[in-house]
Amino acid sequence: MLRFDRRLIYDFDWVMVLFLLLVSGMALVNLFSSTWSGGPDPSPIFFKQLYIFLFGYVLILVLVTFDYKELAPLGYILYGIVILLLIYTGLFVHTIAGTQRWINLGFFHLQPSEPAKLAVVIVLASYYSNHDTEDGYRLRDIIRPAILTAVPFVLIMMQPDLGTALMLGILFVSMTLFVKLRWSTISILGTVAMGGAFIGWKFLLKDYQRRRIETFLNPEGDPMNHGYQIMQSKIAVGSGQVFGKGFLEGTQGHLHFLPERHTDFAFSVWAEEWGFVGSVFFLGCYFFLLLWGINIAMTARDKFGVLLAFGLVMLIFWQAVINLFMIMGFLPVVGIPLPLFSYGGSSLLTTLISIGILMNIRMRRYQIKT
Amino acid sequence: MKNIRKRRKKREDQARRPVLNRDAEMTLISPHDDAELDFFKKRALSSAVVLIFFFAVLVSRLWYLQIQQGDKYRQLADSNRVRYVEVVPPRGNIFDRNGRAIVTNRPSFNVVMSRENSGLNDELLKKMASILGEDVSVLLARIRKMAGTPGHIPIRLAEDIDWDKVAFIENNRLELPGIRIEVVPRRIYHYGNLASHVIGYLGEINERELKASAAGVYRGGDLVGKMGLERLLEKDLRGEKGREYMEVNSLGFEQKYLKGIEPLPGDDLKLTINMDLQRVAEDIMAAQDKAGAVVAVEVNSGRLLVAASAPALKLDEFVGGISYKAWQALLDNPRHPLINKVVQGQYPPGSTYKLVTALAGLAAGVITPDTVFYCPGYYRLGNRTFHCWKHAGHGAVNLIQALAQSCDVYFYHVGQLLGVDRLALYAEKLGFGRKTGVEMQGEKSGLVPTAAWKMRRYNRPWQEGETLTVAIGQGFDLVTPLQLCMMTATIANGGTLYKPGLVESIRDPSGRLVAQFEPHISGRLTGQSANLKLIREGMIEAVNSRHGTGRAARLKGITVAGKTGTAQVVRLRQFRHMREVDVPYKYRDHAWFTCFAPAENPEIAVTVLVEHGMHGGSAAAPVARAVLQAYFKDRLKKTGNPALVMSSGRGGRSRAD
């Protein structure tokens with residue numbers, strides 16, 4: 001039976017809450033600007049995201065009430081649901097802009113590839129924590145986690161959503177390297193991965209995906225289309241200079257030179273309007289939040305907690321790095337949002353749930369009876 | 001302080017430990033698990049290092065983009081959002097010597113399309129094609145033409161569109177992204193096609209001109225002078241472009257006006273041309289469907305009063321670009337309207353050249369005013385016979401009579417005594433064989449033959465007989481109407497060869513004088529005043545004596561002095577026995593008349609060439625007379641009796657010379 005425990009307040013992770021609110025605040029300020037169309041009122045998109053934030057906060061409060069070890073079996077259920085949803089999307093959902101990513105729930109467009117990332121993290125954490133090893137995993141030990149990752153990976157590739165699929169791959173690699181692997185396993189996997197990348201490039205990638213990568217490698221070859229987005233993003237960031245152009249004063253964003261300026265390129269708007277100072281402040285808060293997550297992993301009471309916390313931090317961290325690298329011109333356009341910061345309900349909810357789980361782990365570094 | 005902190009920590013520890021102890025439901029942690037947890041904690045620590053590393057990479061990238069390259073990206077952002085529109089300045093106006101407007105500007109409306117961001121929008125093109133009433137392929141051709149130019153320069157889709165189309169496009173702006181109406185001044189010609197070769201026309205700048213010009217002055221689609229003064233004085237006439245800076249969004253829509261720089265209109269030209277005289281000259285040439293040139297000059301300054309080349313160009317055909325068909329018609333026209341015959345037409349001077357021969361003979365001392373030669377109607381040189389135009393012969397004639405009646409035999413004698421090289425010397429002193437330097441395009445230098453020239457050109461020695469034909473202007477010699485007019489002026493003013501000028505003054509838009517005409521002497525005949533006076537007398541006789549060849553130029557009240565000329569185009573036996581009117585047009589002789597007035601105190605020299613006009617006295621002299629009559633109209637009225645003036649026109653009988 002759930003009995004309210006005062007320790008839920010004593011041990012509540014106030015640090016995480018503080019930084020979550022800071023980052024959320026900046027995200028909403030920026031969303032206001034990037035969706036602003038000149039009038040005094042915020043756009044409906046702003047309110048939509050605000051409500052999802054509020055809903056997510058409530059969800060966090062619910063998530064910290066039970067012990068995270070319950071999540072291990074729940075993870076498999078979530079995983080199963082996500083796979084079904086991905087299959088459903090592939091089969092029945094109408095194509096939007098060439099891809100099939102969203103399920104219309106009436107009040108909400110669910111993008112099942114977002115919770116898929118979360119499910120994979122939980123499932124992998126659960127698997128590795130249940131399979132001990134003393135001198136590292138052998139190849140056959142990681143076949144099952146590999147399959148667990150590969151199923152949603154392939155389904156998401158088919159949508160096609162290269163960025164999210166690669167995210168799953170990166171998560172798998174991060175978490176598998178985090179647990180002990182034998183050197184022989186690492187070298188075999190490295191070879192296979194390189195071969196796979198080659199075959200993927202040759203046969204699996206869609207034309208536009210290949211073009212994006214080619215454009216990135218040779219931006220002059222295609223200045224008006226794909227390279228254009230990266231160029232406009234770099235111009236937005238760079239033109240912010242030290243102190244930025246000021247709130248609502250960014251020309252790249254408000255004159256529509258920036259593509260996807262409230263979703264994938266949201267940080268470009270922030271960098272343009274708040275400059276180097278504002279950008280470093282934001283990144284400082286963001287990375288502190290992530291490092292706090294690592295701290296949670298380090299102080300977790302058991303292996304599942306460590307792996308789960310680490311996996312969740314990686315989930316947010318890699319998306320952030322890929323998104324920011326893209327914005328700053330280090331990577332091609334891959335369509336990965338900046339968690340918490342980019343507009344998009346599925347991503348935001350997934351991230352907030354991840355943070356809720358992190359807080360849960362933090363609160364139970366010493367056991368709380370539930 | 002330290003104590004307080006210690007105590008607080010202790011209290012916290014006490015608060016927590018009992019909780020754990022009391023509940024005592026901790027999972028038992030085996031030593032093995034503990035070691036593994038430690039292992040993971042170390043790994044987590046190293047992953048924190050990775051995180052911090054990426055944080056550092058991101059911050060340094062921000063430093064690079066925003067601080068180091070910040071200025072560059074700020075400029076790029078500005079060039080993204082700030083678009084300027086060039087404002088074409090009104091071109092300088094052109095006035096005649098009396099300040100009457102010949103060419104000014106009117107506003108016209110062009111449709112332009114910005115290229116960036118909008119890309120090639122099929123929908124939009126279809127819409128524009130239907131609005132403009134043109135085929136999509138026409139618009140596509142215009143777009144293709146601009147392919148090589150920088151992207152921020154808009155494409156001109158249509159020019160000088162009607163007001164209702166302007167209104168329609170302005171009303172539907174929102175559905176036509178990137179489409180704009182541009183107001184551009186356009187040339188308007190108040191005197192129609194008068195002085196068309198002098199003024200010239202405008203056309204779209206071509207790639208060669210674009211490359212040759214200084215950066216930023218022109219861009220594709222600009223209009224530049226292609227001929228005449230429009231071209232020669234392009235720098236003065238074009239003015240300076242203005243700019244309007246706007247903030248635009250990524251679709252090219254203007255968001256707000258930032259600032260503007262007003263265009264600076266071009267400088268105004270005042271010509272030396274008198275449009276009244278020009279009109280008289282061109283009207284009479286056009287009325288009789290004549291091809292040729294009429295030039296009139298102030299004898300004491302070199303200011304051109306009339307510079308007409310017939311047939312005239314239809315200037316309106318060139319506004320907005322001449323059609324291929326019209327251009328081809330101009331090229332194929334046997335009367336060569338594209339050629340400015342004043343300076344580009346080179347013709348044998350015919351008998352007008354006898355003035356040169358006469359001066360050379362007197363100056364060289366081979367004849368005196370009293371020298372008399374007998375004209376039996378022919379002249380024998382070796383076994384060849386050279387005929388006089390008057391087969392019956394002129395009898396014994398002196399220089400004045402020879403000039404008045406244009407006796408060929410007299411000048412055969414003079415020519416033979418002189419030799420071709422001495423003749424050439426004086427021809428050159430009178431300005432032949434070289435360009436006058438007038439502000440007209442493509443001027444030809446004519447030809448003054450010498451023995452050395454023939455050797456060079458044909459590798460054959462000079463024949464004495466050729467000297468005879470040169471002496472009467474029928475040989476190798478070629479002159480332009482302007483050269484002949486300047487020679488006439490030189491004879492009239494007593495030996496000063498002026499450089500002809502077309503531009504009286506150039507003033508900038510504020511009225512400040514930029515340039516002013518000043519007489520420019522390009523040669524002087526010294527010690528020839530008595531000889532020139534004699535020649536002038538011969539010319540007076542040619543117009544006014546009973547047997548004069550140029551009687552058709554006579555005016556009552558003003559003494560005109562002149563010389564006729566007929567230049568053989570071909571000497572073909574087959575036409576010998578034909579009546580003149582039966583000879584095909586292109587084989588008929590050219591008709592010359594050159595004159596000055598008033599003979600006592602010369603002011604104006606007029607030269608007329610009528611291509612294939614056959615006889616100087618009948619075809620060319622009346623044209624010169626009309627110009628003189630217009631020039632002297634006030635003075636003629638004072639002497640009264642316009643009826644007499646008119647009747648004198650009929651006095652000129654058609655006769656050969």
# chains A, B, ... in the order shown; residues from 1 in each chain; ligands from 1

$ closest_atom_pairs --of "chain B" --to "chain A" --cutoff "7 Å" --atoms "only C-alpha atoms" --output "tab-separated table"
residue	atom	partner	partner_atom	distance
B:Met26	CA	A:Gln367	CA	6.3
B:Leu37	CA	A:Lys303	CA	6.3
B:Lys41	CA	A:Met298	CA	4.7
B:Arg43	CA	A:Phe178	CA	6.7
B:Ala44	CA	A:Met298	CA	6.0
B:Ala48	CA	A:Leu291	CA	6.3
B:Phe55	CA	A:Phe287	CA	7.0
B:Val59	CA	A:Val280	CA	6.5
B:Leu62	CA	A:Phe276	CA	6.6
B:Trp63	CA	A:Phe276	CA	6.9
B:Leu65	CA	A:Gly238	CA	4.6
B:Gln66	CA	A:Gly238	CA	4.1
B:Ile67	CA	A:Gln241	CA	5.5
B:Gln69	CA	A:Gly238	CA	6.6
B:Gly70	CA	A:Gly238	CA	4.9
B:Asp71	CA	A:Ser239	CA	6.9
B:Tyr73	CA	A:Ser239	CA	4.7
B:Arg74	CA	A:Ser239	CA	4.0
B:Leu76	CA	A:Ile235	CA	6.5
B:Ala77	CA	A:Ile235	CA	6.0
B:Asn249	CA	A:Leu255	CA	4.2
B:Ser250	CA	A:Phe257	CA	5.0

$ residues_around --residues "range 494-499 of chain B" --least-positions-apart "5" --cutoff "9 Å" --atoms "only C-alpha atoms" --output "PyMOL selection string"
chain B and resi 299-303+429-431+436-438+486-487+489+519-530+532-533

$ select_by_dssp --residues "range 99-176 of chain B" --states "helix (DSSP H, G or I)" --output "count of residues only"
33

$ residues_around --residues "Ile357 in chain A" --least-positions-apart "4" --cutoff "10 Å" --atoms "only C-alpha atoms" --output "JSON, numbers by chain"
{"A": [60, 63, 64, 66, 67, 68, 71, 305, 308, 309, 312, 351, 352, 353, 361, 362, 363]}

$ atom_distance --atom1 "CA of Met113 in chain B" --atom2 "CA of Glu262 in chain B"
22.2 Å

$ residues_around --residues "range 561-565 of chain B" --least-positions-apart "6" --cutoff "7 Å" --atoms "only C-alpha atoms" --output "list in words"
Pro349, Gly350, Ser351, Thr352, Arg536, Met539, Ile540, Ala542, Val543, Thr549, Gly550, Ala591, Trp592, Phe593, Thr594, Cys595, Phe596, Ala597, Ala599, Gly616 and Gly617 of chain B

$ write_last_selection --atoms "N, CA and C atoms" --output "mmCIF file, in the first residue's frame"
data_model
loop_
_atom_site.group_PDB
_atom_site.id
_atom_site.type_symbol
_atom_site.label_atom_id
_atom_site.label_comp_id
_atom_site.auth_asym_id
_atom_site.auth_seq_id
_atom_site.Cartn_x
_atom_site.Cartn_y
_atom_site.Cartn_z
ATOM 1 N N PRO B 349 34.736 62.888 -103.807
ATOM 2 C CA PRO B 349 34.199 64.253 -103.637
ATOM 3 C C PRO B 349 33.706 64.881 -104.933
ATOM 4 N N GLY B 350 34.035 64.285 -106.091
ATOM 5 C CA GLY B 350 33.604 64.884 -107.341
ATOM 6 C C GLY B 350 34.188 66.278 -107.493
ATOM 7 N N SER B 351 33.428 67.110 -108.158
ATOM 8 C CA SER B 351 33.977 68.429 -108.517
ATOM 9 C C SER B 351 34.211 69.344 -107.327
ATOM 10 N N THR B 352 33.614 69.010 -106.169
ATOM 11 C CA THR B 352 33.889 69.863 -105.006
ATOM 12 C C THR B 352 35.371 69.855 -104.693
ATOM 13 N N ARG B 536 36.941 81.855 -103.118
ATOM 14 C CA ARG B 536 35.606 82.264 -102.682
ATOM 15 C C ARG B 536 34.862 82.965 -103.827
ATOM 16 N N MET B 539 33.513 80.534 -106.081
ATOM 17 C CA MET B 539 32.330 79.887 -105.510
ATOM 18 C C MET B 539 31.119 80.808 -105.591
ATOM 19 N N ILE B 540 31.368 82.123 -105.416
ATOM 20 C CA ILE B 540 30.252 83.062 -105.546
ATOM 21 C C ILE B 540 29.711 83.004 -106.973
ATOM 22 N N ALA B 542 29.927 80.537 -109.002
ATOM 23 C CA ALA B 542 29.295 79.244 -109.263
ATOM 24 C C ALA B 542 27.814 79.277 -108.911
ATOM 25 N N VAL B 543 27.473 80.067 -107.898
ATOM 26 C CA VAL B 543 26.062 80.126 -107.480
ATOM 27 C C VAL B 543 25.342 81.265 -108.197
ATOM 28 N N THR B 549 27.067 76.593 -111.905
ATOM 29 C CA THR B 549 26.462 75.266 -111.754
ATOM 30 C C THR B 549 25.587 75.175 -110.508
ATOM 31 N N GLY B 550 25.765 76.120 -109.584
ATOM 32 C CA GLY B 550 25.030 75.993 -108.316
ATOM 33 C C GLY B 550 23.956 77.034 -108.150
ATOM 34 N N ALA B 591 25.369 63.060 -105.545
ATOM 35 C CA ALA B 591 25.286 64.501 -105.782
ATOM 36 C C ALA B 591 25.822 65.255 -104.571
ATOM 37 N N TRP B 592 26.714 66.214 -104.830
ATOM 38 C CA TRP B 592 27.299 67.011 -103.751
ATOM 39 C C TRP B 592 26.923 68.470 -103.932
ATOM 40 N N PHE B 593 26.774 69.163 -102.850
ATOM 41 C CA PHE B 593 26.815 70.615 -102.900
ATOM 42 C C PHE B 593 27.392 71.106 -101.584
ATOM 43 N N THR B 594 28.380 71.988 -101.686
ATOM 44 C CA THR B 594 28.942 72.567 -100.458
ATOM 45 C C THR B 594 29.012 74.072 -100.632
ATOM 46 N N CYS B 595 28.651 74.794 -99.581
ATOM 47 C CA CYS B 595 28.532 76.242 -99.735
ATOM 48 C C CYS B 595 28.702 76.948 -98.406
ATOM 49 N N PHE B 596 28.829 78.258 -98.473
ATOM 50 C CA PHE B 596 28.831 79.066 -97.252
ATOM 51 C C PHE B 596 28.106 80.357 -97.552
ATOM 52 N N ALA B 597 27.751 81.091 -96.478
ATOM 53 C CA ALA B 597 27.012 82.338 -96.640
ATOM 54 C C ALA B 597 27.097 83.107 -95.333
ATOM 55 N N ALA B 599 28.498 85.462 -98.325
ATOM 56 C CA ALA B 599 29.808 85.383 -98.953
ATOM 57 C C ALA B 599 30.727 86.487 -98.464
ATOM 58 N N GLY B 616 24.724 67.417 -108.513
ATOM 59 C CA GLY B 616 24.870 68.287 -107.354
ATOM 60 C C GLY B 616 23.982 69.499 -107.446
ATOM 61 N N GLY B 617 23.951 70.108 -108.654
ATOM 62 C CA GLY B 617 23.202 71.336 -108.805
ATOM 63 C C GLY B 617 21.720 71.157 -108.582
#

$ residues_around --residues "Val85 in chain B" --least-positions-apart "4" --cutoff "7 Å" --atoms "only C-alpha atoms" --output "list in words"
Arg243, Glu244 and Tyr245 of chain B

$ write_last_selection --atoms "C-alpha atoms" --output "mmCIF file, in the first residue's frame"
data_model
loop_
_atom_site.group_PDB
_atom_site.id
_atom_site.type_symbol
_atom_site.label_atom_id
_atom_site.label_comp_id
_atom_site.auth_asym_id
_atom_site.auth_seq_id
_atom_site.Cartn_x
_atom_site.Cartn_y
_atom_site.Cartn_z
ATOM 1 C CA ARG B 243 19.745 52.547 -53.166
ATOM 2 C CA GLU B 244 16.879 51.663 -50.902
ATOM 3 C CA TYR B 245 17.697 49.370 -48.033
#
